[in-house]
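The structure file work-v2.txt is reproduced below (compact mmCIF, C-alpha atoms).
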```
# COMPACT_ATOMS: atom_id res chain seq x y z
CA MET Z 1 0.00 0.00 0.00
CA GLU Z 2 1.44 3.32 -1.10
CA LEU Z 3 1.61 5.78 1.78
CA THR Z 4 0.36 9.28 1.16
CA ASP Z 5 2.37 12.38 2.00
CA ALA Z 6 0.13 12.87 5.03
CA ASP Z 7 0.94 9.36 6.30
CA LEU Z 8 4.66 9.93 5.90
CA ILE Z 9 4.45 13.30 7.65
CA ALA Z 10 2.53 11.68 10.50
CA ARG Z 11 5.32 9.14 10.91
CA VAL Z 12 7.97 11.85 10.95
CA LEU Z 13 5.98 13.72 13.59
CA ALA Z 14 5.22 10.70 15.76
CA ASP Z 15 8.53 8.83 15.67
CA ASP Z 16 10.96 11.23 14.04
CA ASP Z 17 11.04 8.60 11.29
CA GLN Z 18 13.84 9.68 8.97
CA HIS Z 19 13.07 6.91 6.48
CA ALA Z 20 9.60 8.40 6.03
CA PHE Z 21 11.16 11.82 5.50
CA GLY Z 22 13.55 10.26 2.98
CA GLU Z 23 10.56 9.00 1.01
CA LEU Z 24 9.11 12.53 1.01
CA VAL Z 25 12.43 13.87 -0.30
CA ARG Z 26 12.51 11.21 -3.03
CA ARG Z 27 8.98 12.10 -4.10
CA HIS Z 28 9.45 15.86 -4.25
CA GLN Z 29 13.12 16.32 -5.09
CA SER Z 30 12.55 16.62 -8.82
CA SER Z 31 9.95 19.39 -8.64
CA VAL Z 32 11.77 21.35 -5.93
CA ARG Z 33 15.11 21.13 -7.72
CA GLY Z 34 13.39 21.96 -11.01
CA LEU Z 35 11.82 25.08 -9.51
CA LEU Z 36 15.13 26.23 -8.07
CA ARG Z 37 16.92 25.59 -11.35
CA GLN Z 38 14.38 27.80 -13.06
CA LEU Z 39 14.80 30.50 -10.45
CA THR Z 40 18.59 30.53 -10.33
CA ARG Z 41 19.06 30.21 -14.10
CA THR Z 42 22.63 29.38 -13.29
CA ASP Z 43 24.89 26.60 -12.07
CA LEU Z 44 22.95 23.51 -11.14
CA ALA Z 45 25.09 23.02 -8.07
CA LEU Z 46 23.70 26.20 -6.52
CA ALA Z 47 20.12 25.07 -7.20
CA ASP Z 48 20.85 21.70 -5.61
CA ASP Z 49 22.48 23.31 -2.59
CA LEU Z 50 19.40 25.46 -2.12
CA ALA Z 51 17.15 22.44 -2.55
CA GLN Z 52 19.14 20.55 0.09
CA GLU Z 53 18.85 23.52 2.44
CA ALA Z 54 15.10 23.68 1.74
CA PHE Z 55 14.59 20.01 2.64
CA LEU Z 56 16.70 20.41 5.76
CA ARG Z 57 14.54 23.36 6.86
CA ALA Z 58 11.43 21.38 6.04
CA TYR Z 59 12.61 18.56 8.31
CA LYS Z 60 13.45 20.90 11.16
CA ASN Z 61 10.16 22.79 10.87
CA ILE Z 62 7.82 19.99 9.90
CA ARG Z 63 5.78 20.58 13.06
CA SER Z 64 4.75 23.94 11.63
CA PHE Z 65 3.17 22.21 8.61
CA ARG Z 66 -0.51 22.26 9.47
CA GLY Z 67 -1.80 20.49 6.39
CA GLU Z 68 -3.83 23.46 5.18
CA ALA Z 69 -1.97 23.43 1.87
CA ARG Z 70 -0.43 20.58 -0.08
CA PHE Z 71 2.95 19.45 1.22
CA SER Z 72 4.48 20.32 -2.15
CA THR Z 73 3.15 23.90 -1.87
CA TRP Z 74 4.70 24.20 1.58
CA LEU Z 75 8.00 22.88 0.21
CA TYR Z 76 7.94 25.34 -2.69
CA ARG Z 77 7.48 28.16 -0.23
CA ILE Z 78 10.51 27.07 1.79
CA ALA Z 79 12.53 26.61 -1.40
CA TYR Z 80 11.52 30.04 -2.65
CA ASN Z 81 12.53 31.60 0.68
CA CYS Z 82 15.91 29.86 0.47
CA PHE Z 83 16.35 31.24 -3.01
CA ARG Z 84 15.38 34.79 -1.94
CA GLU Z 85 17.73 34.75 1.03
CA ASP Z 86 20.57 33.48 -1.12
CA ALA Z 87 19.85 36.08 -3.82
CA ARG Z 88 19.82 38.78 -1.18
CA ARG Z 89 23.18 37.56 0.08
CA ARG Z 90 24.65 37.53 -3.38
CA LYS Z 91 22.95 40.78 -4.41
CA GLU Z 92 22.82 39.54 -7.95
CA LEU Z 93 21.33 36.84 -10.09
CA VAL Z 94 23.83 35.41 -12.48
CA GLY Z 95 23.27 34.34 -16.11
CA VAL Z 96 22.17 31.13 -17.73
CA ASP Z 97 24.35 28.15 -18.43
CA GLU Z 98 22.19 27.24 -21.38
CA GLU Z 99 24.17 24.21 -22.54
CA GLN Z 100 24.10 22.62 -19.13
CA TRP Z 101 20.41 23.41 -18.88
CA GLN Z 102 19.61 21.83 -22.21
CA ALA Z 103 21.50 18.67 -21.29
CA GLU Z 104 19.02 18.13 -18.45
CA GLN Z 105 15.88 18.33 -20.54
CA ASP Z 106 13.77 15.37 -21.49
CA PRO Z 107 14.26 14.94 -25.21
CA ARG Z 108 11.24 12.78 -25.92
CA SER Z 109 8.00 14.66 -26.25
CA ILE Z 110 8.70 18.12 -27.53
CA ASP Z 111 10.46 19.68 -30.48
CA PRO Z 112 14.03 20.37 -29.28
CA GLY Z 113 14.08 23.68 -31.11
CA LEU Z 114 10.86 24.83 -29.48
CA ARG Z 115 12.07 23.60 -26.09
CA HIS Z 116 15.27 25.56 -26.50
CA ASP Z 117 13.41 28.72 -27.48
CA LEU Z 118 10.84 28.26 -24.73
CA MET Z 119 13.46 27.80 -22.02
CA HIS Z 120 15.39 30.74 -23.36
CA ALA Z 121 12.25 32.90 -23.49
CA LEU Z 122 11.39 31.82 -19.95
CA SER Z 123 14.85 32.76 -18.72
CA LEU Z 124 14.41 36.25 -20.20
CA LEU Z 125 11.29 36.97 -18.16
CA PRO Z 126 11.65 39.16 -15.07
CA LEU Z 127 12.01 37.09 -11.91
CA ASN Z 128 8.49 37.75 -10.59
CA GLU Z 129 6.85 36.75 -13.88
CA ARG Z 130 9.15 33.78 -14.40
CA THR Z 131 8.47 32.46 -10.90
CA ALA Z 132 4.71 32.81 -11.30
CA VAL Z 133 4.74 31.11 -14.71
CA VAL Z 134 6.96 28.26 -13.47
CA LEU Z 135 4.80 27.63 -10.41
CA CYS Z 136 1.41 27.90 -12.12
CA CYS Z 137 2.03 26.73 -15.66
CA GLN Z 138 4.81 24.20 -15.16
CA ASN Z 139 4.30 22.90 -11.64
CA GLY Z 140 0.52 23.00 -11.74
CA LEU Z 141 -0.11 25.20 -8.70
CA SER Z 142 -3.31 27.19 -8.57
CA HIS Z 143 -3.01 30.98 -8.46
CA ASP Z 144 -4.03 30.85 -4.82
CA GLU Z 145 -1.33 28.32 -3.95
CA ALA Z 146 1.30 30.32 -5.84
CA ALA Z 147 0.25 33.45 -3.95
CA ARG Z 148 0.86 31.59 -0.69
CA VAL Z 149 4.24 30.30 -1.87
CA LEU Z 150 5.40 33.73 -3.01
CA ASP Z 151 3.66 35.59 -0.19
CA ILE Z 152 2.15 38.12 -2.57
CA PRO Z 153 -1.49 39.05 -3.32
CA LEU Z 154 -3.53 36.75 -5.54
CA GLY Z 155 -4.11 39.54 -8.06
CA THR Z 156 -0.36 40.08 -8.44
CA VAL Z 157 0.15 36.40 -9.20
CA LYS Z 158 -2.56 36.48 -11.86
CA THR Z 159 -1.06 39.60 -13.41
CA ASN Z 160 2.44 38.13 -13.41
CA VAL Z 161 1.25 34.89 -14.99
CA LEU Z 162 -0.71 36.78 -17.63
CA ARG Z 163 2.15 39.13 -18.47
CA GLY Z 164 4.66 36.30 -18.49
CA ARG Z 165 2.54 34.21 -20.82
CA GLU Z 166 1.95 37.15 -23.16
CA LYS Z 167 5.68 37.78 -23.37
CA LEU Z 168 6.35 34.10 -23.99
CA LYS Z 169 3.76 34.05 -26.76
CA ARG Z 170 5.31 37.09 -28.39
CA THR Z 171 8.81 35.63 -28.13
CA LEU Z 172 7.64 32.30 -29.54
CA ALA Z 173 5.50 33.84 -32.28
CA ALA Z 174 7.58 32.13 -34.96
CA TRP Z 175 6.44 28.74 -33.62
CA ALA Z 176 2.74 29.52 -34.16
CA PRO Z 177 1.00 26.87 -36.28
CA ASN Z 178 0.20 28.12 -39.77
CA MET T 1 1.14 34.29 -32.35
CA ILE T 2 1.28 30.95 -30.53
CA ASN T 3 -2.04 30.30 -28.78
CA ASP T 4 -2.71 29.84 -25.06
CA GLU T 5 -3.43 26.15 -25.27
CA THR T 6 -0.24 25.36 -27.16
CA LEU T 7 1.85 27.49 -24.82
CA GLY T 8 0.33 25.83 -21.74
CA ARG T 9 0.96 22.37 -23.15
CA GLN T 10 4.53 23.19 -24.10
CA LEU T 11 5.23 24.66 -20.68
CA ARG T 12 3.94 21.53 -18.96
CA GLU T 13 5.88 19.26 -21.29
CA THR T 14 9.16 21.08 -20.78
CA VAL T 15 9.20 20.19 -17.08
CA PRO T 16 11.95 17.60 -16.91
CA TYR T 17 12.07 14.81 -14.36
CA ILE T 18 15.34 15.27 -12.53
CA ASP T 19 16.93 11.98 -11.54
CA ASP T 20 17.65 11.65 -7.86
CA ASP T 21 21.30 10.83 -8.54
CA GLY T 22 22.24 10.70 -4.85
CA PHE T 23 20.39 13.88 -3.89
CA THR T 24 18.14 12.18 -1.32
CA ALA T 25 21.16 10.48 0.25
CA ARG T 26 22.91 13.84 0.60
CA VAL T 27 19.83 15.36 2.24
CA MET T 28 19.52 12.41 4.63
CA ALA T 29 23.19 12.69 5.56
CA SER T 30 22.70 16.36 6.44
CA LEU T 31 19.72 15.76 8.76
CA PRO T 32 20.31 16.11 12.49
CA ALA T 33 20.30 12.89 14.48
CA ALA T 34 16.85 11.51 15.22
CA ARG T 35 15.48 12.15 18.69
CA ARG T 36 16.45 8.72 20.01
CA GLU T 37 18.01 10.11 23.16
CA SER T 38 14.84 11.95 24.18
CA ARG T 39 12.76 8.76 23.95
CA TRP T 40 15.41 6.89 25.93
CA LEU T 41 15.43 9.69 28.50
CA ARG T 42 11.65 9.59 28.72
CA ALA T 43 11.72 5.84 29.43
CA VAL T 44 14.36 6.32 32.14
CA ILE T 45 12.37 9.12 33.77
CA LEU T 46 9.15 7.09 33.75
CA LEU T 47 10.90 4.02 35.18
CA GLY T 48 12.67 6.12 37.80
CA LEU T 49 9.44 7.78 38.88
CA ALA T 50 7.71 4.39 39.08
CA LEU T 51 10.51 3.02 41.29
CA ILE T 52 10.54 6.10 43.52
CA GLY T 53 6.73 6.00 43.79
CA SER T 54 6.84 2.31 44.75
CA GLY T 55 9.56 2.97 47.33
CA VAL T 56 7.64 5.86 48.86
CA ALA T 57 4.41 3.83 48.94
CA TYR T 58 6.23 0.97 50.67
CA LEU T 59 7.83 3.28 53.20
CA ILE T 60 4.59 5.02 54.16
CA GLY T 61 3.02 1.70 55.01
CA ALA T 62 1.41 0.38 51.85
CA GLY T 63 3.99 -2.40 51.66
CA HIS T 64 2.09 -4.76 53.91
CA VAL T 65 -1.02 -4.40 51.74
CA VAL T 66 0.93 -5.59 48.69
CA ARG T 67 2.53 -8.40 50.66
CA GLU T 68 -0.81 -9.58 52.00
CA GLY T 69 -2.36 -9.27 48.56
CA ILE T 70 0.26 -11.55 47.07
CA ILE T 71 -0.21 -14.07 49.89
CA GLU T 72 -3.98 -14.05 49.35
CA LEU T 73 -3.49 -14.45 45.61
CA ALA T 74 -1.33 -17.52 46.26
CA ASN T 75 -4.20 -19.07 48.20
CA PHE T 76 -6.68 -18.68 45.34
CA PRO T 77 -7.85 -21.83 43.51
CA ILE T 78 -5.97 -22.52 40.32
CA TRP T 79 -8.97 -21.88 38.01
CA LEU T 80 -9.40 -18.41 39.54
CA LEU T 81 -5.73 -17.64 38.96
CA LEU T 82 -6.13 -18.70 35.33
CA VAL T 83 -9.15 -16.43 34.90
CA PHE T 84 -7.21 -13.59 36.55
CA ALA T 85 -4.21 -14.15 34.23
CA PHE T 86 -6.49 -14.32 31.20
CA GLY T 87 -8.20 -11.07 32.22
CA CYS T 88 -4.83 -9.35 32.69
CA GLY T 89 -3.77 -10.60 29.24
CA LEU T 90 -6.95 -9.19 27.68
CA VAL T 91 -6.41 -5.78 29.28
CA VAL T 92 -2.74 -5.61 28.21
CA GLY T 93 -3.66 -6.82 24.70
CA ALA T 94 -6.40 -4.18 24.40
CA PHE T 95 -3.94 -1.45 25.38
CA ALA T 96 -1.42 -2.78 22.85
CA VAL T 97 -4.03 -2.74 20.05
CA ILE T 98 -5.12 0.81 20.94
CA PHE T 99 -1.49 1.97 21.00
CA ALA T 100 -0.76 0.29 17.63
CA ILE T 101 -3.83 1.92 16.04
CA ARG T 102 -2.80 5.34 17.30
CA LYS T 103 0.72 4.86 15.94
CA THR T 104 -0.43 3.69 12.49
CA PRO T 105 -1.84 6.54 10.39
CA GLU T 106 -3.20 4.21 7.67
CA VAL T 107 -5.60 2.66 10.19
CA GLY T 108 -7.22 6.07 10.63
CA ASP T 109 -8.86 5.48 7.28
CA LEU T 110 -10.09 1.89 7.23
CA THR T 111 -11.00 2.09 3.54
CA ARG T 112 -7.31 2.22 2.69
CA LEU T 113 -6.47 -1.04 4.42
CA LYS T 114 -5.93 -4.03 2.15
CA PHE T 115 -6.47 -7.52 3.54
```
Step by step, read the file and then write its structure as structure tokens.
Amino acid sequence: MELTDADLIARVLADDDQHAFGELVRRHQSSVRGLLRQLTRTDLALADDLAQEAFLRAYKNIRSFRGEARFSTWLYRIAYNCFREDARRRKELVGVDEEQWQAEQDPRSIDPGLRHDLMHALSLLPLNERTAVVLCCQNGLSHDEAARVLDIPLGTVKTNVLRGREKLKRTLAAWAPN
Amino acid sequence: MINDETLGRQLRETVPYIDDDGFTARVMASLPAARRESRWLRAVILLGLALIGSGVAYLIGAGHVVREGIIELANFPIWLLLVFAFGCGLVVGAFAVIFAIRKTPEVGDLTRLKF
């Protein structure tokens, strides 16, 4: 029987079960690392370091997870805070290692040229729009969930998603079907 | 211009699955030690309090009650002792089942149990 996230969290809370927490990490590592890679736009090692820090914070603060939101939403919020703190420390966001990025992509289901242009167009968006688009359009969060992750008003999230998508559509205009 | 539906689909499809590649192991290695010592400490405290409580009870005069109780129990017929032992077993077993249910989150939702 596959345990749900709630079951695993209950085990961590009751017995400090690190194996259960390990299962949670295994389940969510891809999406959390993916989000941070999108946000950092830079060396993958930094994104992974931030992801590791995010999971460590999640473990230490798991008692503050009240189950009002999905566990993944809570994790995204922690990961986003890690990213913001790190960016504040660095005072700059560095450029894209596009080749390294491309090497990570799944080559199966989408035109490689379009993928390349889409990822490039995404990386050109301002941080607030890029983050909103990544959370809502790629990671499947609702606007409300994204607002909670980013700690900004719901209307701002909607605006950022809308603006981001419009810019992406303009940038990718050449890929429009004839 | 590319339409909304196509853009949405492309965005979803460009989300790569990132292989774990040792990431979970690194996270697990960085976790602080589990709270084993606090559980051990709790057991020691409970046992210590039980021993102190027993000692105090004996010293203030309850000792003879226990002694006489054991002597009376020894004089019981064998069938009564068996019933007594069986009853004790039932009570302990019931507590064990209740404790196990409380410790097993899956049992909270009986529909998820597979037999």
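Coordinates place CA of Arg130 (chain Z) at a distance of 17.9 Å from CA of Thr6 (chain T).
Across Z:Phe65, Z:Arg170, Z:Ala132, Z:Arg70, the tightest approach to chain T is made by Z:Arg170 when counting all atoms listed in the file.
Of note, CA of Arg89 (chain Z) and CA of Leu75 (chain Z) are spaced 21.1 Å apart.
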Checklist entry - Rounded to one decimal in Å, what is the spacing between CA of Gln29 (chain Z) and CA of Asp17 (chain Z)? => result 18.2 Å
Checklist entry - In terms of the shortest atom-to-atom distance over all atoms listed in the file, which of Z:Arg41, Z:Arg148, Z:Arg115, Z:Arg163 is closest to chain T? => result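 Of the candidates, the smallest distance to chain T is held by Z:Arg115.
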Checklist entry - Of the candidates T:Gly48, T:Gly55, T:Gly93, T:Gly22, which one gets nearest to chain Z if we count all atoms listed in the file? => result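 Smallest distance to chain Z is found for T:Gly22.
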Next on the checklist: Calculated over only C-alpha atoms, which of the candidates T:Ala25, T:Leu82, T:Val92, T:Ile60 has the smallest distance to chain Z?
Outcome noted: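 So, comparing all the options, the nearest one is T:Ala25.
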Item to check | Given only C-alpha atoms as the counted atoms, nearest of Z:Arg37, Z:Arg90, Z:Arg26, Z:Lys167 to chain T | outcome: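 Going through Z:Arg37, Z:Arg90, Z:Arg26, Z:Lys167 one by one, the smallest distance to chain T is for Z:Arg26.
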Item to check | Contact residues around Leu118 (chain Z) with all atoms listed in the file at 8 Å, ignoring same-chain residues under 2 positions, as a list of chain:residue names | outcome: Z:Leu114, Z:Arg115, Z:His116, Z:His120, Z:Ala121, Z:Leu122, Z:Leu168, Z:Leu172, T:Leu11
